[in-house]
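Before any comments, here is the structure.
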Amino acid sequence: MTSPDAAHHAALRPAQRWTREHWLTTADQLLDATAGHASPGRSLIRLPGPISASGAWSDGLEGYARTFLLAAFRLRGEGGDDPHGLLERYADGLRHGTDPAHPERWPRIDERRQAVVEAASVAVALSETRQWLWDGLDQATKERTVDWLAGIVGTRGYRNNWIWFQNIIEEFLVSVGGPWDQADLDRNEELQERLYVGDGWYSDGHGRDGRRQSFDWYAGWAWHFYPVLHARIQDRPLARRHADRLRAYLDQARHLVGSTGAPLLQGRSATYRLGMLAPFWAGALADATPLAPGQTRALTSAVAEHFLDAGSVDGDGLLPVGWHHRYDRVRQLYTGAASPYWASKGFLGLLLPPGHAVWTTEPETPEAWHNDAVVPLRAPGWLVSSTPEDGLVRIVNHGSDRLLEHAAEPHADDPFYRRAAYANLVSPQLSQDAIAAPVESHVALLDADGAPSHRDGVDRLALGDHVATSWSRVHWLDLPGAASDSGAASDGAAATWAAMRRGPRLVTASVVRGRFEVRIGWYLQDVPDGAAGNGAAGNGTDVDGTDVDGTDVDGAAWPRDVGPWSLQVGGWALAAPDATRLTVETGTDWVRVDRRDGLSSLVKGLTGLNMPGTRRRLGADPLAAASATPWLRSSRPVDPDEVGAALVVLTGAPSPLDLDAVESVTRLPDADRTRVAVRWQGGLVDLVDGPTSPAP
């Protein structure tokens, strides 16, 4: 535990210089940098960088819409004051973009599905600037704009946060006398309630097996952002239901931001960066937040400083694809060069007037930054471990998988969702070879050739205050040979796998105390497909005729790997500008990677794992060019129910090797299930219960 005066540690001091004026200046600088990339009619903003799967035409619309959102927050917050001519700039773009005869017209919704997303930003921006922009438009432009937006009416098939794009667009159309369809809104309302899982969390869609286990920042920058803006279009307060859910979400999301302002790096669309601040500002706007005004100011300022200090704005003043600096592999197939400008959502706070308490109150350290803590987030199935002294936030993942691939399709683990753990100062490895053979924060069975297994859907078993367990069917990928790297981390890789071999169910467990995690794995004696998984704990039911683990019908097309298998536990990957800044220390049953700034990643064998090693890579990590991941494996094949356990530590605080933190890991006698006792130095004991035998 950190000392009671930890709040006075330098890392905990809230950012001081991000006044409201600083946010305004930053918004103006970002908008000014994009102006030179606009087409002559200013309807398309084409930024340098990768082109999305929707194509350059759609990406140009995206550049307009997402920067218009930022301009709208800036203009509305300043009461229409427009020293930089933003109203004229975006009105020009609107005139030309909605003109079907103009060479710079925008794609219609029936021409590019991505236009749905961008149309929602246009609708929000028009609503927020209505009295200065919309009300001054000529009638022909208004009619063309309504016609373009009305392409959403009557469309269907939205299965995740996209329902809010339709809600927002149609609500704006209502406000200007345009067409809309109550059936659309009713259908979206029904899906919204099906995707709500409690504690303020929404699953961003159903997985292949019907379960609601897609958790990431979309819960905040979509599901809690748009209801507030929807209410503003209607000129009414946020509905009580949405306010209660937003408050509950922020009560948990505040634990996912480290004391230096670095947020959790997990989930798709990470390149939106500052967008994760949207729900924190939304809570302040709607008076639906557990954070005091000074805490909201401190947290948002610290996150903004973190990204800008880390190089998220390049030398040309642009936001490139990446997390810190440009790194294209962080993208998905839908990501283009303008996609990062959903960071505009992180400037929602500009709608708070200068006299609001967020701006007038002194910054105040958020409570989550005061002391070490382990916090269970039961809806997403995470245990959060935070150590404010070194600014680290870690989660162990026993509930999120975003399982979308068809059961018969050879597929790798999605590095953004199916790792065993994530943190805010390290990243999953995103090169093609790293996705094909995952090591970092991964528990795997190694086949006869040493290839690591991938896991399918995550079945939850238990999540307590310090112990979490889950299991998953695993499989191995057979590769056709060297493949080019698509640069799209999780979507482009699947096309290169030739076949797969099916494996048994692998149980993983995490026992977390402060910076220490005991990571445990064992596999179950296989049972015939058709045995049900723990669907109830997984927040869902079978909706498509497959088993809850997705292997019964189509997975049987692939052969089984019969073993034998050894067990491997991978630690946290560390990144540095070059390999010389990462040093490796190794003992008989442990290995630690150290970085010059004091960050270190340790794995130590506790039982069944006695072969240490390190995997070095170049270009696999979005944080820096070189990376290294420590790992441990068993020196021989393991039997069913044979437990392997390792101490896994990620720390930036001065500390010894931590080799003696755990006194023992012991298999307890039990005829019905695997039970494990973890005894810590000092005598504290945590118990891990596996599933009953045979597997559920």
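In the structure tokens, chains take the letters A, B, ... in the order shown, each chain's residues start at 1, and ligands count up from 1 in the order shown.
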field: Long-range neighbours of region 375-379 of chain A as a count of residues only, 6 Å cut-off, only C-alpha atoms, 4 positions minimum in chain
entry: 3
If you count only C-alpha atoms, which residues fall within 6 Å of Gln213 (chain A), apart from same-chain ones fewer than 6 positions away, as a list in words?
Ser203, Ser400, Asp401 and Arg402 of chain A
For the selection just defined, write its residues with C-alpha atoms to a file, as an mmCIF file, in the first residue's frame.
data_model
loop_
_atom_site.group_PDB
_atom_site.id
_atom_site.type_symbol
_atom_site.label_atom_id
_atom_site.label_comp_id
_atom_site.auth_asym_id
_atom_site.auth_seq_id
_atom_site.Cartn_x
_atom_site.Cartn_y
_atom_site.Cartn_z
ATOM 1 C CA SER A 203 -21.777 -4.424 -24.238
ATOM 2 C CA SER A 400 -14.464 -9.448 -22.347
ATOM 3 C CA ASP A 401 -13.798 -11.199 -25.655
ATOM 4 C CA ARG A 402 -15.723 -9.467 -28.493
#
Please list as a list in words every residue within 12 Å of Gly450 (chain A), counting only C-alpha atoms and excluding residues in the same chain fewer than 2 positions away. Ala437, Pro438, Val439, Ala444, Leu445, Leu446, Asp447, Ala448, Pro452, Ser453, Trp476, Leu477, Gly563, Pro564, Trp565, Ser566, Leu567, Gln568, Arg633, Ser634, Ser635, Arg636 and Pro637 of chain A
Give one line per residue of region 205-268 of chain A that approaches region 110-126 of chain A to at most 9 Å, naming the two atoms of the closest pair and their distance in Å to one decimal, counting only C-alpha atoms; sort by chain then ascending residue number and deliver it as a tab-separated table.
residue	atom	partner	partner_atom	distance
A:Leu229	CA	A:Val124	CA	7.1
A:His230	CA	A:Val124	CA	8.3
A:Ile233	CA	A:Val124	CA	7.8
Contact residues around region 18-23 of chain A with only C-alpha atoms at 8 Å, ignoring same-chain residues under 2 positions, as a VMD selection string
chain A and resid 15 to 16 25 to 27 301 347 350 354 359
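The interatomic distance for the pair CA of Thr289 (chain A) and CA of Glu367 (chain A) works out to 13.4 Å.
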